[in-house]
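Raw contents of entry37.cif, mmCIF, C-alpha atoms and all ligand atoms:
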```cif
data_structure
#
loop_
_atom_site.label_atom_id
_atom_site.label_comp_id
_atom_site.auth_asym_id
_atom_site.auth_seq_id
_atom_site.Cartn_x
_atom_site.Cartn_y
_atom_site.Cartn_z
CA MET R 1 28.36 -13.25 -27.90
CA ALA R 2 25.53 -12.50 -25.51
CA VAL R 3 23.59 -15.65 -24.68
CA ALA R 4 19.98 -15.45 -23.49
CA ARG R 5 19.88 -17.73 -20.50
CA LEU R 6 17.00 -19.09 -18.54
CA PRO R 7 17.09 -17.89 -14.96
CA PRO R 8 18.38 -20.43 -12.47
CA ALA R 9 15.69 -22.10 -10.37
CA SER R 10 16.53 -19.87 -7.40
CA SER R 11 16.36 -16.57 -9.19
CA LEU R 12 14.32 -13.40 -8.93
CA PRO R 13 10.89 -14.32 -7.64
CA LEU R 14 8.59 -14.36 -10.60
CA LEU R 15 5.61 -12.14 -10.93
CA ARG R 16 2.62 -13.45 -9.08
CA LEU R 17 1.35 -16.36 -11.14
CA SER R 18 -1.14 -17.85 -8.76
CA PRO R 19 -4.39 -16.71 -7.20
CA THR R 20 -3.63 -15.07 -3.91
CA ARG R 21 -5.37 -12.20 -2.21
CA ARG R 22 -8.14 -11.77 -4.66
CA PRO R 23 -11.21 -13.63 -3.48
CA ILE R 24 -11.81 -15.63 -6.61
CA ARG R 25 -13.14 -19.05 -7.38
CA PHE R 26 -10.98 -21.45 -9.30
CA PHE R 27 -11.89 -21.52 -12.93
CA SER R 28 -11.57 -24.60 -15.03
CA SER R 29 -10.54 -23.92 -18.61
CA ALA R 30 -11.84 -27.32 -19.71
CA SER R 31 -14.54 -25.76 -21.90
CA PRO R 32 -12.88 -23.51 -24.43
CA PRO R 33 -14.63 -20.18 -24.89
CA PRO R 34 -16.30 -19.36 -28.19
CA GLN R 35 -14.07 -17.89 -30.87
CA PRO R 36 -15.83 -14.74 -31.99
CA SER R 37 -14.54 -12.43 -34.65
CA LEU R 38 -12.96 -9.27 -33.26
CA PRO R 39 -15.72 -6.82 -32.36
CA PRO R 40 -15.35 -3.18 -33.27
CA SER R 41 -12.91 -1.56 -30.86
CA PRO R 42 -11.49 1.73 -32.04
CA SER R 43 -8.52 1.73 -29.68
CA ALA R 44 -7.76 -1.96 -29.81
CA THR R 45 -4.85 -1.50 -32.17
CA GLN R 46 -3.78 1.95 -31.05
CA PRO R 47 -1.52 2.50 -28.07
CA HIS R 48 -3.63 4.24 -25.45
CA ARG R 49 -2.48 7.12 -23.32
CA ARG R 50 -1.14 5.64 -20.10
CA HIS R 51 -3.47 6.48 -17.25
CA ARG R 52 -1.84 7.59 -14.01
CA THR R 53 -4.73 6.64 -11.75
CA PRO R 54 -4.99 2.93 -10.92
CA LEU R 55 -8.02 1.33 -12.48
CA PHE R 56 -9.67 0.43 -9.19
CA LEU R 57 -9.52 4.06 -8.02
CA ARG R 58 -11.20 5.51 -11.10
CA PRO R 59 -14.91 6.39 -11.07
CA LEU R 60 -17.43 4.23 -12.86
CA ALA R 61 -17.69 6.90 -15.53
CA HIS R 62 -18.21 4.70 -18.58
CA SER R 63 -20.60 1.98 -19.57
CA THR R 64 -21.20 -0.71 -22.12
CA SER R 65 -23.87 -3.23 -22.94
CA PRO R 66 -23.72 -6.70 -21.38
CA ALA R 67 -23.50 -8.17 -24.87
CA ASP R 68 -20.47 -6.03 -25.77
CA LEU R 69 -18.75 -6.86 -22.50
CA LYS R 70 -19.39 -10.54 -23.10
CA ALA R 71 -17.93 -10.15 -26.60
CA PHE R 72 -14.85 -8.50 -25.11
CA HIS R 73 -14.39 -11.41 -22.74
CA SER R 74 -14.73 -13.97 -25.51
CA TRP R 75 -12.23 -12.13 -27.69
CA ALA R 76 -9.80 -11.66 -24.77
CA ALA R 77 -9.95 -15.31 -23.71
CA SER R 78 -9.46 -16.42 -27.27
CA LEU R 79 -6.43 -14.11 -27.71
CA ALA R 80 -4.89 -15.44 -24.50
CA LEU R 81 -5.46 -19.07 -25.41
CA SER R 82 -4.09 -18.73 -28.92
CA SER R 83 -1.09 -16.76 -27.67
CA ALA R 84 -0.32 -19.28 -24.95
CA ALA R 85 -0.54 -22.07 -27.51
CA SER R 86 1.77 -20.37 -30.00
CA HIS R 87 4.36 -18.79 -27.69
CA PHE R 88 4.87 -21.42 -25.04
CA SER R 89 8.63 -21.66 -25.05
CA HIS R 90 9.85 -20.63 -21.62
CA PRO R 91 9.09 -22.40 -18.35
CA SER R 92 7.97 -19.13 -16.79
CA ASP R 93 5.60 -18.12 -19.62
CA PRO R 94 2.03 -17.70 -18.37
CA GLU R 95 -0.16 -20.71 -18.93
CA PRO R 96 -3.66 -20.24 -20.37
CA ALA R 97 -5.28 -20.65 -16.94
CA HIS R 98 -3.09 -17.86 -15.62
CA PHE R 99 -4.03 -15.48 -18.42
CA LEU R 100 -7.69 -16.26 -17.83
CA ARG R 101 -7.31 -15.59 -14.12
CA GLU R 102 -5.76 -12.25 -14.93
CA LEU R 103 -8.58 -11.48 -17.34
CA ARG R 104 -10.96 -12.02 -14.46
CA TRP R 105 -8.90 -9.64 -12.28
CA LEU R 106 -8.93 -7.05 -15.04
CA LEU R 107 -12.71 -7.26 -15.27
CA GLN R 108 -13.01 -7.10 -11.50
CA ASP R 109 -10.97 -3.91 -11.39
CA ALA R 110 -12.81 -2.46 -14.37
CA ALA R 111 -16.33 -3.26 -13.23
CA VAL R 112 -16.44 -3.98 -9.51
CA GLY R 113 -19.04 -1.80 -7.92
CA SER R 114 -21.25 -2.23 -10.91
CA SER R 115 -23.96 -4.84 -11.17
CA VAL R 116 -21.68 -7.16 -13.13
CA ASP R 117 -20.37 -10.33 -11.62
CA PRO R 118 -17.20 -10.93 -13.61
CA HIS R 119 -17.03 -14.49 -12.30
CA LEU R 120 -19.94 -15.41 -14.46
CA PHE R 121 -18.02 -14.63 -17.63
CA PHE R 122 -16.01 -17.70 -16.78
CA SER R 123 -18.84 -20.03 -16.03
CA SER R 124 -19.06 -23.01 -18.31
CA ALA R 125 -22.83 -23.00 -17.89
CA SER R 126 -24.00 -21.35 -21.08
CA SER R 127 -27.23 -20.21 -19.46
CA SER R 128 -25.35 -18.05 -16.92
CA SER R 129 -25.53 -14.39 -17.56
CA PRO R 130 -22.95 -12.02 -16.05
CA THR R 131 -25.55 -9.35 -15.60
CA GLY R 132 -28.19 -11.63 -14.16
CA GLY R 133 -30.16 -11.46 -17.40
CA SER R 134 -30.37 -7.68 -17.37
CA THR R 135 -29.77 -5.76 -20.57
CA ALA R 136 -29.08 -2.52 -18.67
CA PRO R 137 -25.75 -0.82 -19.42
CA VAL R 138 -22.83 -2.09 -17.35
CA PRO R 139 -20.88 0.67 -15.57
CA LEU R 140 -17.12 0.58 -16.22
CA ARG R 141 -14.07 2.48 -15.02
CA VAL R 142 -12.61 2.57 -18.55
CA GLU R 143 -14.01 2.74 -22.01
CA LEU R 144 -14.52 -0.70 -23.45
CA GLY R 145 -12.11 0.19 -26.25
CA GLU R 146 -9.38 0.79 -23.69
CA LEU R 147 -9.94 -2.64 -22.21
CA TYR R 148 -9.21 -4.13 -25.63
CA GLY R 149 -6.01 -2.12 -25.81
CA LEU R 150 -4.95 -3.12 -22.29
CA TRP R 151 -5.50 -6.79 -22.95
CA LYS R 152 -3.53 -6.68 -26.19
CA GLU R 153 -0.65 -5.15 -24.26
CA ARG R 154 -0.91 -7.89 -21.66
CA VAL R 155 -0.95 -10.78 -24.08
CA GLU R 156 1.04 -9.57 -27.05
CA GLU R 157 3.60 -7.32 -25.36
CA ARG R 158 3.64 -9.32 -22.12
CA ARG R 159 3.21 -6.12 -20.09
CA PRO R 160 2.49 -7.16 -16.50
CA LEU R 161 -1.16 -6.87 -15.52
CA GLN R 162 -0.05 -4.93 -12.44
CA TYR R 163 1.25 -2.10 -14.64
CA LEU R 164 -1.91 -2.15 -16.73
CA VAL R 165 -4.29 -1.87 -13.79
CA GLY R 166 -1.85 0.17 -11.68
CA CYS R 167 -1.81 -1.89 -8.50
CA GLU R 168 -0.56 -5.02 -6.80
CA HIS R 169 -2.06 -6.91 -3.85
CA TRP R 170 0.72 -7.44 -1.31
CA ARG R 171 0.16 -8.69 2.24
CA ASP R 172 -3.08 -7.02 3.23
CA LEU R 173 -2.28 -3.96 1.13
CA VAL R 174 -3.29 -2.79 -2.31
CA LEU R 175 -0.25 -0.89 -3.52
CA VAL R 176 -0.12 1.50 -6.43
CA VAL R 177 2.50 0.46 -8.99
CA ARG R 178 3.40 1.80 -12.39
CA ASP R 179 6.09 1.64 -15.07
CA GLY R 180 9.53 2.41 -13.68
CA VAL R 181 8.83 0.79 -10.29
CA LEU R 182 9.36 -2.86 -9.38
CA ILE R 183 6.17 -4.81 -8.71
CA PRO R 184 6.55 -6.10 -5.13
CA ARG R 185 6.84 -9.91 -4.93
CA PRO R 186 5.08 -12.25 -2.52
CA GLU R 187 8.43 -13.64 -1.28
CA THR R 188 9.42 -10.20 -0.02
CA GLU R 189 6.43 -10.12 2.34
CA ALA R 190 8.42 -12.33 4.74
CA LEU R 191 10.78 -9.44 5.53
CA VAL R 192 7.94 -7.64 7.30
CA ASP R 193 7.26 -10.74 9.41
CA MET R 194 10.94 -10.90 10.36
CA VAL R 195 10.86 -7.30 11.52
CA ALA R 196 7.68 -7.98 13.52
CA GLU R 197 9.36 -10.92 15.25
CA VAL R 198 12.43 -8.88 16.15
CA MET R 199 10.28 -6.08 17.53
CA ALA R 200 8.17 -8.48 19.56
CA ALA R 201 11.30 -10.11 21.00
CA ALA R 202 12.86 -6.75 21.87
CA GLU R 203 9.81 -5.74 23.92
CA GLU R 204 10.94 -2.14 23.80
CA GLU R 205 8.47 0.65 24.18
CA ASP R 206 10.03 2.67 21.38
CA ALA R 207 10.54 0.63 18.20
CA GLY R 208 13.27 3.03 17.11
CA ILE R 209 14.38 4.07 13.66
CA TRP R 210 14.14 1.60 10.79
CA ALA R 211 15.19 1.87 7.17
CA ASP R 212 13.93 0.33 3.93
CA LEU R 213 16.74 0.80 1.42
CA GLY R 214 15.65 0.73 -2.22
CA THR R 215 12.00 1.08 -1.26
CA GLY R 216 10.52 0.89 -4.80
CA SER R 217 6.74 1.08 -4.37
CA GLY R 218 7.25 1.57 -0.62
CA ALA R 219 5.89 -1.91 0.08
CA LEU R 220 8.33 -2.80 2.86
CA ALA R 221 8.26 0.66 4.41
CA VAL R 222 4.46 0.65 4.55
CA GLY R 223 4.38 -2.93 5.88
CA ILE R 224 6.94 -2.18 8.58
CA ALA R 225 5.31 1.12 9.55
CA ARG R 226 2.07 -0.76 10.17
CA VAL R 227 3.95 -3.23 12.36
CA LEU R 228 5.37 -0.29 14.34
CA GLY R 229 1.82 0.56 15.23
CA GLU R 230 0.09 3.71 16.26
CA GLY R 231 2.28 4.79 19.16
CA GLU R 232 4.63 7.73 19.37
CA GLY R 233 7.81 5.71 18.91
CA GLY R 234 9.05 4.14 15.73
CA LYS R 235 9.80 5.57 12.34
CA VAL R 236 10.79 4.19 8.95
CA TYR R 237 13.08 5.93 6.49
CA ALA R 238 12.40 4.75 2.95
CA THR R 239 15.11 5.54 0.44
CA ASP R 240 15.49 5.05 -3.28
CA VAL R 241 17.65 6.53 -5.99
CA SER R 242 14.83 6.40 -8.57
CA SER R 243 12.48 9.39 -8.91
CA ASP R 244 9.71 7.08 -10.19
CA ALA R 245 10.03 4.94 -7.07
CA ILE R 246 10.05 7.96 -4.77
CA GLU R 247 6.85 9.27 -6.38
CA VAL R 248 5.02 5.95 -6.11
CA ALA R 249 6.26 5.21 -2.58
CA ARG R 250 4.93 8.62 -1.53
CA ILE R 251 1.52 7.80 -3.01
CA ASN R 252 1.37 4.49 -1.13
CA VAL R 253 2.49 6.01 2.14
CA GLN R 254 -0.21 8.67 1.79
CA ARG R 255 -2.88 6.16 0.80
CA TYR R 256 -2.31 4.35 4.09
CA GLY R 257 -2.07 7.58 6.10
CA LEU R 258 1.48 6.83 7.23
CA GLU R 259 3.13 10.19 6.51
CA GLU R 260 3.99 10.55 10.21
CA LYS R 261 5.64 7.13 10.37
CA VAL R 262 7.42 6.92 7.01
CA GLU R 263 9.85 9.51 5.77
CA ILE R 264 10.85 9.15 2.14
CA ARG R 265 14.27 10.29 1.07
CA GLN R 266 15.86 10.17 -2.37
CA GLY R 267 19.48 9.13 -2.81
CA SER R 268 21.81 6.19 -3.15
CA TRP R 269 21.65 3.59 -0.37
CA PHE R 270 22.95 5.08 2.89
CA GLN R 271 23.77 8.52 1.48
CA PRO R 272 20.37 10.05 2.48
CA LEU R 273 20.68 8.60 6.00
CA GLN R 274 23.88 10.22 7.15
CA ASP R 275 22.11 12.12 9.92
CA VAL R 276 20.97 8.84 11.52
CA GLN R 277 24.20 6.90 11.03
CA GLY R 278 24.79 4.46 13.90
CA LYS R 279 21.24 4.97 15.19
CA LEU R 280 19.18 2.49 13.20
CA ALA R 281 17.32 -0.16 15.18
CA GLY R 282 17.03 -2.13 11.99
CA LEU R 283 17.16 -2.07 8.23
CA VAL R 284 15.81 -4.16 5.42
CA SER R 285 16.60 -4.21 1.75
CA ASN R 286 15.54 -6.09 -1.33
CA PRO R 287 18.23 -4.67 -3.61
CA PRO R 288 18.82 -5.37 -7.30
CA TYR R 289 20.54 -8.76 -7.32
CA ILE R 290 20.25 -10.31 -10.79
CA PRO R 291 23.62 -10.86 -12.49
CA SER R 292 23.74 -8.47 -15.46
CA ASN R 293 24.04 -11.24 -18.03
CA ASP R 294 20.95 -13.02 -16.69
CA ILE R 295 18.60 -10.10 -17.31
CA LEU R 296 18.09 -11.09 -20.96
CA GLY R 297 16.84 -14.52 -19.95
CA LEU R 298 14.25 -13.36 -17.45
CA GLN R 299 10.50 -13.89 -17.81
CA ALA R 300 9.36 -11.43 -20.52
CA GLU R 301 7.12 -9.54 -18.09
CA VAL R 302 10.16 -8.82 -15.93
CA GLY R 303 13.04 -8.45 -18.38
CA ARG R 304 11.14 -6.34 -20.91
CA HIS R 305 9.04 -4.20 -18.61
CA GLU R 306 10.44 -3.85 -15.10
CA PRO R 307 13.16 -1.24 -14.54
CA ARG R 308 16.70 -2.46 -15.04
CA LEU R 309 17.72 -0.22 -12.15
CA ALA R 310 15.65 -2.45 -9.86
CA LEU R 311 17.04 -5.71 -11.23
CA ASP R 312 20.67 -5.42 -12.22
CA GLY R 313 23.07 -6.37 -9.46
CA GLY R 314 26.23 -6.13 -11.55
CA GLU R 315 28.41 -8.89 -12.92
CA ASN R 316 27.74 -11.47 -10.20
CA GLY R 317 24.56 -9.82 -8.91
CA MET R 318 26.10 -8.85 -5.60
CA ASP R 319 27.41 -5.32 -6.17
CA HIS R 320 24.62 -3.73 -4.14
CA LEU R 321 24.44 -6.48 -1.51
CA ALA R 322 28.16 -6.08 -0.77
CA HIS R 323 27.70 -2.33 -0.44
CA LEU R 324 24.75 -2.87 1.91
CA CYS R 325 26.81 -5.23 4.12
CA GLU R 326 29.51 -2.64 4.48
CA GLY R 327 27.11 0.26 5.02
CA SER R 328 25.13 -1.64 7.67
CA SER R 329 28.24 -1.87 9.82
CA LEU R 330 28.07 1.91 10.24
CA ALA R 331 24.33 2.54 9.96
CA LEU R 332 23.04 0.15 12.62
CA ARG R 333 23.16 0.85 16.34
CA PRO R 334 24.53 -1.88 18.63
CA GLY R 335 22.08 -4.78 18.57
CA GLY R 336 20.46 -3.43 15.40
CA PHE R 337 18.85 -5.96 13.04
CA PHE R 338 19.33 -6.35 9.30
CA ALA R 339 17.59 -8.51 6.72
CA PHE R 340 18.51 -8.66 3.05
CA GLU R 341 16.75 -10.44 0.23
CA THR R 342 19.03 -12.21 -2.27
CA ASN R 343 18.83 -14.06 -5.56
CA GLY R 344 18.74 -17.35 -3.71
CA ASP R 345 20.87 -20.19 -2.45
CA ALA R 346 24.41 -19.42 -3.65
CA GLN R 347 24.09 -15.67 -3.14
CA SER R 348 22.70 -16.07 0.38
CA GLU R 349 25.49 -18.47 1.27
CA PHE R 350 28.09 -16.09 -0.10
CA ILE R 351 26.67 -13.05 1.72
CA ALA R 352 26.27 -14.94 5.02
CA GLU R 353 29.86 -16.14 4.74
CA PHE R 354 31.07 -12.68 3.80
CA MET R 355 29.40 -11.11 6.83
CA SER R 356 30.64 -13.81 9.17
CA THR R 357 34.26 -13.45 8.03
CA ARG R 358 35.08 -10.09 6.41
CA TRP R 359 32.64 -8.23 8.73
CA ARG R 360 32.77 -10.58 11.71
CA THR R 361 33.78 -7.83 14.13
CA TYR R 362 30.54 -5.99 13.34
CA PHE R 363 27.87 -8.67 12.98
CA THR R 364 26.56 -11.59 14.93
CA ASP R 365 23.89 -14.27 14.75
CA ILE R 366 24.01 -14.38 10.93
CA LYS R 367 21.28 -16.62 9.51
CA ILE R 368 20.03 -17.75 6.14
CA VAL R 369 16.24 -17.85 5.95
CA GLN R 370 14.28 -19.77 3.33
CA ASP R 371 11.30 -18.39 1.46
CA PHE R 372 8.03 -20.29 1.14
CA ALA R 373 9.42 -22.19 -1.85
CA GLY R 374 12.37 -23.47 0.18
CA VAL R 375 14.88 -21.18 -1.55
CA LYS R 376 17.54 -19.70 0.73
CA ARG R 377 16.24 -16.23 0.02
CA PHE R 378 17.24 -14.01 2.96
CA VAL R 379 20.28 -13.25 5.10
CA THR R 380 19.60 -11.79 8.54
CA GLY R 381 21.67 -10.88 11.56
CA PHE R 382 22.42 -8.30 14.19
CA HIS R 383 25.03 -5.64 14.75
CA GLN R 384 27.36 -6.57 17.62
C1 LIG R 401 14.42 -5.14 -6.33
S1 LIG R 401 13.83 -3.50 -6.20
C2 LIG R 401 13.00 -3.59 -4.62
C3 LIG R 401 11.88 -2.61 -4.45
C4 LIG R 401 11.05 -2.82 -3.19
N1 LIG R 401 11.86 -2.71 -2.01
C5 LIG R 401 10.38 -4.17 -3.20
O1 LIG R 401 10.82 -5.08 -2.51
O2 LIG R 401 9.40 -4.33 -3.94
C6 LIG R 401 15.30 -2.61 -5.84
C7 LIG R 401 15.10 -1.12 -5.62
O3 LIG R 401 16.41 -0.55 -5.37
C8 LIG R 401 16.46 0.71 -6.00
N2 LIG R 401 17.87 1.07 -6.21
C9 LIG R 401 18.70 0.69 -7.21
N3 LIG R 401 19.91 1.25 -7.04
C10 LIG R 401 19.84 1.99 -5.91
C11 LIG R 401 20.75 2.82 -5.21
N4 LIG R 401 22.00 2.97 -5.64
N5 LIG R 401 20.34 3.41 -4.08
C12 LIG R 401 19.07 3.26 -3.63
N6 LIG R 401 18.15 2.50 -4.26
C13 LIG R 401 18.53 1.87 -5.39
C14 LIG R 401 15.67 0.53 -7.28
O4 LIG R 401 15.24 1.78 -7.79
C15 LIG R 401 14.53 -0.36 -6.79
O5 LIG R 401 13.44 0.41 -6.37
#
```
Encoded form (structure tokens):
Amino acid sequence: MAVARLPPASSLPLLRLSPTRRPIRFFSSASPPPQPSLPPSPSATQPHRRHRTPLFLRPLAHSTSPADLKAFHSWAASLALSSAASHFSHPSDPEPAHFLRELRWLLQDAAVGSSVDPHLFFSSASSSSPTGGSTAPVPLRVELGELYGLWKERVEERRPLQYLVGCEHWRDLVLVVRDGVLIPRPETEALVDMVAEVMAAAEEEDAGIWADLGTGSGALAVGIARVLGEGEGGKVYATDVSSDAIEVARINVQRYGLEEKVEIRQGSWFQPLQDVQGKLAGLVSNPPYIPSNDILGLQAEVGRHEPRLALDGGENGMDHLAHLCEGSSLALRPGGFFAFETNGDAQSEFIAEFMSTRWRTYFTDIKIVQDFAGVKRFVTGFHQ
């Protein structure tokens, strides 16, 4: 019998559940919002056609009245609060304050650039007006009806906000993401810092050839390419087996003008890199590492909506990690650096031990590195 399990404490980093890059004020939910009846919203109950362009990149081609936008906010906050009250059953379920923070992000993406200050929707001061008292139409990047539909998907289907708005803030980047591609996690940002440290220590003029295996949205490849800098030397190969990932990684690489620095190749792990075998100065990977039986117990946003291909690491979660250890022995040049993300403590310990024993003739200086939550998240080392 399949048993739905809660993820262990040191499991896949959860979707971003705290305010981070977005410059927002903290909102207190002490004063509950009014509970209006549902305003007319033709598409609120109909699935909308999924838009390919991220919300923040769409033109302000729509508009609504301040009163209707305020009614949307009241309805959306009320839906989130009632849902959080009725569904709270898993430690990783979003709390009301988190939903409300995301509602603010949604409004920011939908209306930034217009005269609306979405912060003011959250003010407990009843005299505050989000449009500064104006009754002029508020420009929007979506029809108001679509906002209702998006928010229902967020709250009722637990679809990650990042998929709904089409982007994630990661390091200093705003990356396009969409269904079929893993949403990059804050923990993974540390891999870019590790690469930067290794490059700084090497003090070589030419940063050499790097690889991001299982690139997903291209987050690591873009981050590393920016660390490589403007110069002639240095290149990143970003590989993934998924066509969705390849498409999105290409968009992100182009958005940051890094086509010269990042080459995207489709295929399984090292297979697309045969022509550079033994030449890599370094490689990073955040491979699928969740044990297959744990996928059912993941946070709904992850288990129901993120691609299984990006999550499932086989029976013990380490199928891909073991393959990456073996492949790195051939792919890296002497002195080449590797850094892998893992599911956490036990997996990191196992992989570090595996590389120090089974592959000891190939690797040296194997280390386990903690993430910002103190979880032993990464295994790093060098080729002999
Ligand atoms: C956990 S996600 C990481 C994505 C991205 N690097 C990040 O950190 O956000 C793992 C990625 O590995 C890719 N992947 C799965 N199996 C693969 C394979 N056999 N070869 C290459 N990539 C694979 C998935 O498509 C997914 O994009």
Counting all atoms listed in the file, give me one row per residue of chain R with an atom at most 9 Å from an atom of ligand LIG 401 (chain R), showing the shortest contact pair and its distance in Å to one decimal, sorted by chain then residue number, as a Markdown table.
```
| residue | atom | partner | partner_atom | distance |
| --- | --- | --- | --- | --- |
| R:Leu12 | CA | R:LIG401 | C1 | 8.7 |
| R:Gly180 | CA | R:LIG401 | O4 | 8.2 |
| R:Val181 | CA | R:LIG401 | O5 | 6.1 |
| R:Leu182 | CA | R:LIG401 | S1 | 5.5 |
| R:Ile183 | CA | R:LIG401 | O2 | 5.8 |
| R:Pro184 | CA | R:LIG401 | O2 | 3.6 |
| R:Arg185 | CA | R:LIG401 | O2 | 6.2 |
| R:Glu187 | CA | R:LIG401 | O1 | 9.0 |
| R:Thr188 | CA | R:LIG401 | O1 | 5.9 |
| R:Glu189 | CA | R:LIG401 | O1 | 8.3 |
| R:Asp212 | CA | R:LIG401 | N1 | 7.0 |
| R:Leu213 | CA | R:LIG401 | C12 | 6.1 |
| R:Gly214 | CA | R:LIG401 | O3 | 3.5 |
| R:Thr215 | CA | R:LIG401 | N1 | 3.9 |
| R:Gly216 | CA | R:LIG401 | O5 | 3.3 |
| R:Ser217 | CA | R:LIG401 | C4 | 5.9 |
| R:Gly218 | CA | R:LIG401 | C4 | 6.3 |
| R:Ala219 | CA | R:LIG401 | O2 | 5.9 |
| R:Leu220 | CA | R:LIG401 | N1 | 6.0 |
| R:Ala221 | CA | R:LIG401 | N1 | 8.1 |
| R:Ala238 | CA | R:LIG401 | N1 | 9.0 |
| R:Thr239 | CA | R:LIG401 | C12 | 6.1 |
| R:Asp240 | CA | R:LIG401 | N6 | 3.8 |
| R:Val241 | CA | R:LIG401 | C12 | 4.3 |
| R:Ser242 | CA | R:LIG401 | O4 | 4.7 |
| R:Ser243 | CA | R:LIG401 | O4 | 8.2 |
| R:Asp244 | CA | R:LIG401 | O4 | 8.0 |
| R:Ala245 | CA | R:LIG401 | O5 | 5.7 |
| R:Ile246 | CA | R:LIG401 | O5 | 8.4 |
| R:Gln266 | CA | R:LIG401 | C12 | 7.7 |
| R:Gly267 | CA | R:LIG401 | N5 | 5.9 |
| R:Ser268 | CA | R:LIG401 | N5 | 3.3 |
| R:Trp269 | CA | R:LIG401 | N5 | 3.9 |
| R:Phe270 | CA | R:LIG401 | N5 | 7.6 |
| R:Gln271 | CA | R:LIG401 | N5 | 8.3 |
| R:Val284 | CA | R:LIG401 | N1 | 8.5 |
| R:Ser285 | CA | R:LIG401 | N1 | 6.2 |
| R:Asn286 | CA | R:LIG401 | C2 | 4.9 |
| R:Pro287 | CA | R:LIG401 | C6 | 4.2 |
| R:Pro288 | CA | R:LIG401 | C1 | 4.5 |
| R:Tyr289 | CA | R:LIG401 | C1 | 7.2 |
| R:Ile290 | CA | R:LIG401 | C1 | 9.0 |
| R:Pro307 | CA | R:LIG401 | O4 | 7.7 |
| R:Arg308 | CA | R:LIG401 | C14 | 8.4 |
| R:Leu309 | CA | R:LIG401 | C9 | 5.1 |
| R:Ala310 | CA | R:LIG401 | C15 | 3.9 |
| R:Leu311 | CA | R:LIG401 | C1 | 5.6 |
| R:Asp312 | CA | R:LIG401 | C9 | 8.1 |
| R:Gly313 | CA | R:LIG401 | N3 | 8.6 |
| R:His320 | CA | R:LIG401 | N4 | 7.3 |
| R:Glu341 | CA | R:LIG401 | O1 | 8.4 |
```
Notebook entry, point to check: Taking into account all atoms listed in the file, which residue in the set R:Pro291, R:Val248, R:Phe72, R:Ala97 is nearest to Gly149 in chain R?
Noted result: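 The answer is R:Phe72, which sits nearest to Gly149 in chain R.
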Note to self: Which polymer residues, whether protein, DNA or RNA, lie within 12 Å of the coordinate (-16.8, 6.5, -11.2) when you count all atoms listed in the file? List them as a list in words, using the chain letters and numbers from the file.
What the structure shows: Leu55, Phe56, Leu57, Arg58, Pro59, Leu60, Ala61, His62, Ser63, Asp109, Ala110, Ala111, Val112, Gly113, Ser114, Pro139, Leu140, Arg141, Val142 and Glu143 of chain R
Checklist line | Separation of CA of Val276 in chain R from CA of Ala339 in chain R, in Å and rounded to one decimal | finding: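 Going from CA of Val276 in chain R over to CA of Ala339 in chain R, I get 18.3 Å.
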Notebook entry, point to check: Which polymer residues have any atom within 10 Å of an atom of Gly278 in chain R, counting only C-alpha atoms, with same-chain residues fewer than 4 positions away left out, as a count of residues only?
Noted result: 10
Check: Contacts of range 364-368 of chain R at 9 Å or less, counting only C-alpha atoms, minus same-chain residues fewer than 6 places along, as a list in words?
Finding: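 My list of contacting residues is Gly335, Asp345, Ser348, Glu349, Ala352, Glu353, Met355, Ser356, Lys376, Arg377, Phe378, Val379, Thr380, Gly381, Phe382, His383 and Gln384 of chain R.
Between CA of Ala190 in chain R and CA of Gln370 in chain R there is a distance of 9.6 Å.
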Check: What does the distance from CA of Gln277 in chain R to CA of Phe363 in chain R come to in Å, to one decimal?
Finding: 16.1 Å
Next item on the list: Check the smallest atom-to-atom distance from each of R:Ile295, R:Met318, R:Leu103, R:Ala281 to Val165 in chain R using all atoms listed in the file, then report the winner.
Entry: R:Leu103
Note to self: Here is a test: counting all atoms listed in the file, which residue of R:Leu258, R:Ile251, R:Leu321, R:Leu147 is nearest to Asn343 in chain R?
What the structure shows: R:Leu321
Can you pull out the residues contacting Leu283 in chain R? Cut-off 6 Å, using all atoms listed in the file, and skip same-chain residues under 2 positions away; I want them as a PDB file with C-alpha atoms, in the frame of the given file.
```pdb
ATOM      1  CA  TRP R 210      14.140   1.600  10.790  1.00  0.00           C
ATOM      2  CA  ALA R 211      15.190   1.870   7.170  1.00  0.00           C
ATOM      3  CA  ASP R 212      13.930   0.330   3.930  1.00  0.00           C
ATOM      4  CA  PHE R 338      19.330  -6.350   9.300  1.00  0.00           C
TER       5      PHE R 338
END
```
